[in-house]
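Chemist: Sharing a structure below in structure tokens format, with a few things to ask.
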Number of protein chains: 2
Amino acid sequence: MSVTADAAEPARPARVSGIDKVERRRIALAESALKTLGELGYARTSLREIANNSEFTHGVVHYYFRDKIDLISYCVRYYKTKCAQRYDEVVETAESADELAVGFLGKMTQTLVEETAMHRLWYDLRAQSMFEEQLRADVTAIDELLEQMIWRILTRYADLGGGSPTVDSPTAYALVDGLFEQAVVGYAADPDKVPELLADRVRQVLPKLIAA
Amino acid sequence: MSVTADAAEPARPARVSGIDKVERRRIALAESALKTLGELGYARTSLREIANNSEFTHGVVHYYFRDKIDLISYCVRYYKTKCAQRYDEVVETAESADELAVGFLGKMTQTLVEETAMHRLWYDLRAQSMFEEQLRADVTAIDELLEQMIWRILTRYADLGGGSPTVDSPTAYALVDGLFEQAVVGYAADPDKVPELLADRVRQVLPKLIAA
DNA sequence: GACTTTGTTTGACACTTGTCAAGAAATCTC
DNA sequence: GAGATTTCTTGACAAGTGTCAAACAAAGTC
């Protein structure tokens with residue numbers, strides 16, 4: 001799936017390198033926008049603020065994106081491609097249930113700490129999607145992606161342990177996501193001990209979701 | 001605990017009925033504001049919009065609340081008092097684990113359907129609290145309240161079943177909350193079947209959280 | 001009934017927002 | 001290098017925001 005947004009397309013000749021350049025600009029703008037969005041949240045982020053925190057002017061933003069929703073939507077889709085395969089390596093290399101659990105928990109706490117802003121933004125945007133239908137499609141797409149990710153981990157974990165999951169995929173995702181969101185919210189208020197607590201809790205819960 | 005907000009207090013003589021009236025106005029404004037907030041979400045709700053959807057003018061809002069944050073904060077605290085004892089009756093009257101589970105699930109799906117807007121708002125505000133420190137104290141207070149609520153249910157459920165919980169209180173809350181938030185988000189996109197799915201999933205998970 | 005306090009309306013302020021358009025600058029094409 | 005095209009800057013617009021203050025109405029006090 002392409003991350004190309006159907007933005008305002010100024011009549012452009014068939015020049016491939018030019019299209020690439022446009023796409024690179026869009027990505028650069030999206031990355032800058034994501035940084036600002038992650039810090040300020042959806043509500044307090046304006047196009048001008050995004051432009052100020054970037055090397056571009058606010059006019060450029062409107063040149064590459066039709067409007068604000070178009071930009072945010074593009075950002076969300078771009079972001080999606082980054083968090084999809086976060087745990088894939090762990091899933092593939094682990095040779096025992098324990099090893100998988102440890103690797104998973106490690107990556108989980110790592111991304112909690114290192115990409116807090118992105119996770120904050122994700123939960124913000126998911127909440128916004130309940131009020132703004134235009135965000136809904138992109139948000140549910142990411143949600144499905146994350147659900148599949150958790151499901152891959154859980155089924156592999158069950159396989160390695162010689163068992164099988166006792167909950168379905170959406171349930172497993174909701175449970176793990178509940179723990180993770182709790183950690184993200186708690187981390188914003190006071191980072192101390194939150195990663196360890198998250199790891200402990202997920203470690204406690206995982207075995208309850210499979211049976212021999 | 002009082003829901004009195006430390007708003008702008010115009011020098012007021014010791015007239016008790018007057019204080020009550022002020023408090024009643026605040027509550028009326030808060031209720032009106034909550035209705036608008038629940039529909040539009042935090043980001044898109046302005047003081048004027050709140051005033052328009054009420055019987056008051058926008059000046060009155062500022063007369064009873066110092067500023068926007070003061071109003072929202074008051075609303076959140078007021079809201080808290082309403083969801084605290086939602087399941088208390090069920091917990092007290094249930095005489096078997098099954099009866100408790102059925103009652104709990106019933107109330108849960110009921111509030112999901114009947115108070116969708118409030119739940120949407122709650123998840124929105126919790127996300128906002130990650131960006132706005134002024135909301136944090138009120139949000140964590142509610143989170144603790146909800147956690148205690150879930151814990152009361154789970155321990156009673158375990159008691160009635162002759163067992164005891166196998167997870168601690170924050171974990172239990174995160175798990176149930178994850179399922180509930182999934183339902184709220186899903187309900188906003190497409191209400192069909194969501195309540196039943198929620199009930200099914202919680203029913204599946206509950207037994208996994210206790211052991212004989 | 002005059003007077004003070006309390007409550008409400010109205011209109012204004014300074015500011016930010018998204019959006020756009022006109023033109024300058026850079027880049028490409030021949 | 002001339003001319004066409006793409007990219008970017010700048011400034012403006014209308015609309016909406018939170019906040020506030022002055023005028024007005026209501027109610028309570030003596």
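Here, A, B, ... name the chains of the structure tokens in the order displayed, residue numbers run from 1 inside each chain, and ligands are numbered from 1 in the same displayed order.
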DSSP on the backbone, helix (DSSP H, G or I) only: what residues of region 17-182 of chain A does that give? Format it as a PyMOL selection string.
Modeler: chain A and resi 17-44+47-52+58-64+68-83+88-93+97-114+116-129+133-160+169-182
Chemist: Residues of chain D within 12 Å of chain B, using only C-alpha atoms (C1' of nucleotides), as a PyMOL selection string?
Modeler: chain D and resi 16-21+27-29
Chemist: I need the residues from that last selection saved to file as a short mmCIF file (atom, residue, chain, number, x, y, z; two decimals), in the first residue's frame (with N, CA and C atoms (P, O5', C5', C4', C3', O3' and C1' of nucleotides)), if you can.
Modeler:
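Dumped everything to selection_8.cif:
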```cif
data_model
loop_
_atom_site.label_atom_id
_atom_site.label_comp_id
_atom_site.auth_asym_id
_atom_site.auth_seq_id
_atom_site.Cartn_x
_atom_site.Cartn_y
_atom_site.Cartn_z
P DG D 16 -17.45 30.90 11.86
"O5'" DG D 16 -16.50 30.65 13.11
"C5'" DG D 16 -15.50 29.65 13.02
"C4'" DG D 16 -14.52 29.83 14.15
"C3'" DG D 16 -15.17 29.96 15.53
"O3'" DG D 16 -14.76 28.90 16.37
"C1'" DG D 16 -13.51 31.63 15.19
P DT D 17 -15.37 28.78 17.84
"O5'" DT D 17 -14.20 29.33 18.74
"C5'" DT D 17 -12.92 28.69 18.69
"C4'" DT D 17 -11.91 29.48 19.48
"C3'" DT D 17 -12.36 29.92 20.84
"O3'" DT D 17 -12.17 28.86 21.75
"C1'" DT D 17 -11.15 31.66 19.72
P DG D 18 -12.85 28.93 23.18
"O5'" DG D 18 -11.93 29.96 23.97
"C5'" DG D 18 -10.57 29.62 24.19
"C4'" DG D 18 -9.87 30.74 24.94
"C3'" DG D 18 -10.44 31.02 26.32
"O3'" DG D 18 -9.37 31.33 27.22
"C1'" DG D 18 -10.65 32.96 24.99
P DT D 19 -9.70 31.59 28.76
"O5'" DT D 19 -9.87 33.17 28.80
"C5'" DT D 19 -8.81 33.99 28.33
"C4'" DT D 19 -9.26 35.45 28.30
"C3'" DT D 19 -9.88 35.96 29.60
"O3'" DT D 19 -8.97 36.86 30.22
"C1'" DT D 19 -11.05 36.74 27.66
P DC D 20 -9.26 37.31 31.74
"O5'" DC D 20 -10.07 38.66 31.54
"C5'" DC D 20 -9.55 39.64 30.65
"C4'" DC D 20 -10.64 40.62 30.25
"C3'" DC D 20 -11.40 41.26 31.42
"O3'" DC D 20 -11.09 42.64 31.46
"C1'" DC D 20 -12.82 40.73 29.60
P DA D 21 -11.16 43.43 32.84
"O5'" DA D 21 -11.90 44.76 32.40
"C5'" DA D 21 -11.85 45.18 31.05
"C4'" DA D 21 -13.13 45.91 30.68
"C3'" DA D 21 -13.84 46.56 31.87
"O3'" DA D 21 -14.44 47.76 31.43
"C1'" DA D 21 -15.30 45.05 30.86
P DA D 27 -35.59 38.57 40.41
"O5'" DA D 27 -34.79 38.63 41.77
"C5'" DA D 27 -33.43 38.20 41.80
"C4'" DA D 27 -32.77 38.63 43.09
"C3'" DA D 27 -33.71 38.65 44.30
"O3'" DA D 27 -33.03 38.12 45.42
"C1'" DA D 27 -32.65 40.73 44.09
P DG D 28 -33.87 37.42 46.56
"O5'" DG D 28 -33.08 37.85 47.87
"C5'" DG D 28 -31.66 37.86 47.86
"C4'" DG D 28 -31.12 39.13 48.48
"C3'" DG D 28 -31.64 39.43 49.89
"O3'" DG D 28 -30.53 39.49 50.77
"C1'" DG D 28 -31.63 41.37 48.54
P DT D 29 -30.77 39.72 52.35
"O5'" DT D 29 -30.54 41.26 52.55
"C5'" DT D 29 -29.31 41.84 52.12
"C4'" DT D 29 -29.12 43.23 52.71
"C3'" DT D 29 -29.69 43.40 54.12
"O3'" DT D 29 -28.80 44.22 54.88
"C1'" DT D 29 -30.71 44.98 52.66
#
```
Chemist: So that I can see what lies close to region 80-95 of chain B, please list as a ChimeraX atom specification the residues with an atom at most 10 Å from it, counting only C-alpha atoms (C1' of nucleotides) and leaving out residues fewer than 2 positions away in the same chain.
Modeler: /B:1-3,74-78,97-108,111,118,122,138-139,141-143,145-146,148-150,152-157,160
Chemist: Could you turn the residues from that selection into a file that holds C-alpha atoms, as a CSV table (one decimal), in the first residue's frame?
Modeler:
```csv
chain,number,residue,atom,x,y,z
B,1,MET,CA,-15.5,14.9,48.2
B,2,SER,CA,-17.0,18.1,46.9
B,3,VAL,CA,-17.2,19.0,43.3
B,74,TYR,CA,-15.1,21.0,36.9
B,75,CYS,CA,-17.0,19.0,34.4
B,76,VAL,CA,-14.6,16.1,34.7
B,77,ARG,CA,-14.9,16.1,38.5
B,78,TYR,CA,-18.6,16.3,38.3
B,97,ALA,CA,-20.2,-15.6,40.5
B,98,ASP,CA,-22.4,-16.1,37.5
B,99,GLU,CA,-25.0,-13.7,38.7
B,100,LEU,CA,-22.4,-11.1,39.3
B,101,ALA,CA,-20.9,-11.6,35.9
B,102,VAL,CA,-24.2,-11.4,34.1
B,103,GLY,CA,-25.2,-8.3,36.1
B,104,PHE,CA,-21.8,-6.7,35.4
B,105,LEU,CA,-21.9,-7.4,31.7
B,106,GLY,CA,-25.4,-6.1,31.5
B,107,LYS,CA,-24.6,-2.8,33.2
B,108,MET,CA,-21.5,-2.5,31.1
B,111,THR,CA,-23.8,2.2,29.8
B,118,MET,CA,-19.7,10.3,27.9
B,122,TRP,CA,-13.6,10.3,28.8
B,138,ASP,CA,-8.4,15.1,37.6
B,139,VAL,CA,-7.9,12.3,35.1
B,141,ALA,CA,-8.3,10.6,40.1
B,142,ILE,CA,-11.0,9.2,37.9
B,143,ASP,CA,-8.7,6.5,36.7
B,145,LEU,CA,-11.8,5.5,41.0
B,146,LEU,CA,-12.5,3.2,38.0
B,148,GLN,CA,-11.1,0.5,42.4
B,149,MET,CA,-14.5,-0.2,40.9
B,150,ILE,CA,-13.1,-3.0,38.7
B,152,ARG,CA,-14.3,-4.5,43.9
B,153,ILE,CA,-16.1,-6.4,41.1
B,154,LEU,CA,-13.2,-8.8,40.5
B,155,THR,CA,-12.6,-9.6,44.2
B,156,ARG,CA,-16.3,-10.1,44.8
B,157,TYR,CA,-16.4,-12.3,41.7
B,160,LEU,CA,-18.3,-15.9,45.2
```
Chemist: Go through B:Val22, B:Ala137, B:Leu175, B:Leu34 one by one, measure the shortest atom-to-atom distance of each to chain A using only C-alpha atoms, and give the residue with the smallest value.
Modeler: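 Closest to chain A, using only C-alpha atoms: B:Leu175.
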Chemist: Could the residues of chain C that have an atom at most 12 Å from chain B be listed as CSV, each with its closest atom pair and the distance in Å to one decimal, counting only C-alpha atoms (C1' of nucleotides) and ordered by chain and ascending residue number?
Modeler:
```
residue,atom,partner,partner_atom,distance
C:DT4,C1',B:Pro13,CA,11.7
C:DT5,C1',B:Arg12,CA,8.3
C:DT6,C1',B:Arg12,CA,8.3
C:DG7,C1',B:Val60,CA,8.5
C:DT8,C1',B:Val60,CA,6.7
C:DT9,C1',B:Gly59,CA,7.5
C:DT10,C1',B:Gly59,CA,8.7
C:DG11,C1',B:Gly59,CA,10.8
```
Chemist: Let me see the file: selected residues, C-alpha atoms (C1' of nucleotides), as a PDB file, in the first residue's frame.
Modeler:
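After the write, result.pdb holds the following:
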```pdb
ATOM      1  C1'  DT C   4     -25.742  47.798  47.590  1.00  0.00           C
ATOM      2  C1'  DT C   5     -24.823  43.345  46.005  1.00  0.00           C
ATOM      3  C1'  DT C   6     -25.470  39.644  42.624  1.00  0.00           C
ATOM      4  C1'  DG C   7     -26.448  38.004  38.187  1.00  0.00           C
ATOM      5  C1'  DT C   8     -26.672  38.603  33.111  1.00  0.00           C
ATOM      6  C1'  DT C   9     -26.239  40.626  28.534  1.00  0.00           C
ATOM      7  C1'  DT C  10     -23.828  42.572  25.053  1.00  0.00           C
ATOM      8  C1'  DG C  11     -20.219  43.958  22.500  1.00  0.00           C
TER       9       DG C  11
END
```
Chemist: Determine which residues of chain A sit within 10 Å of chain B, taking into account only C-alpha atoms, and present them as a count of residues only.
Modeler: 59
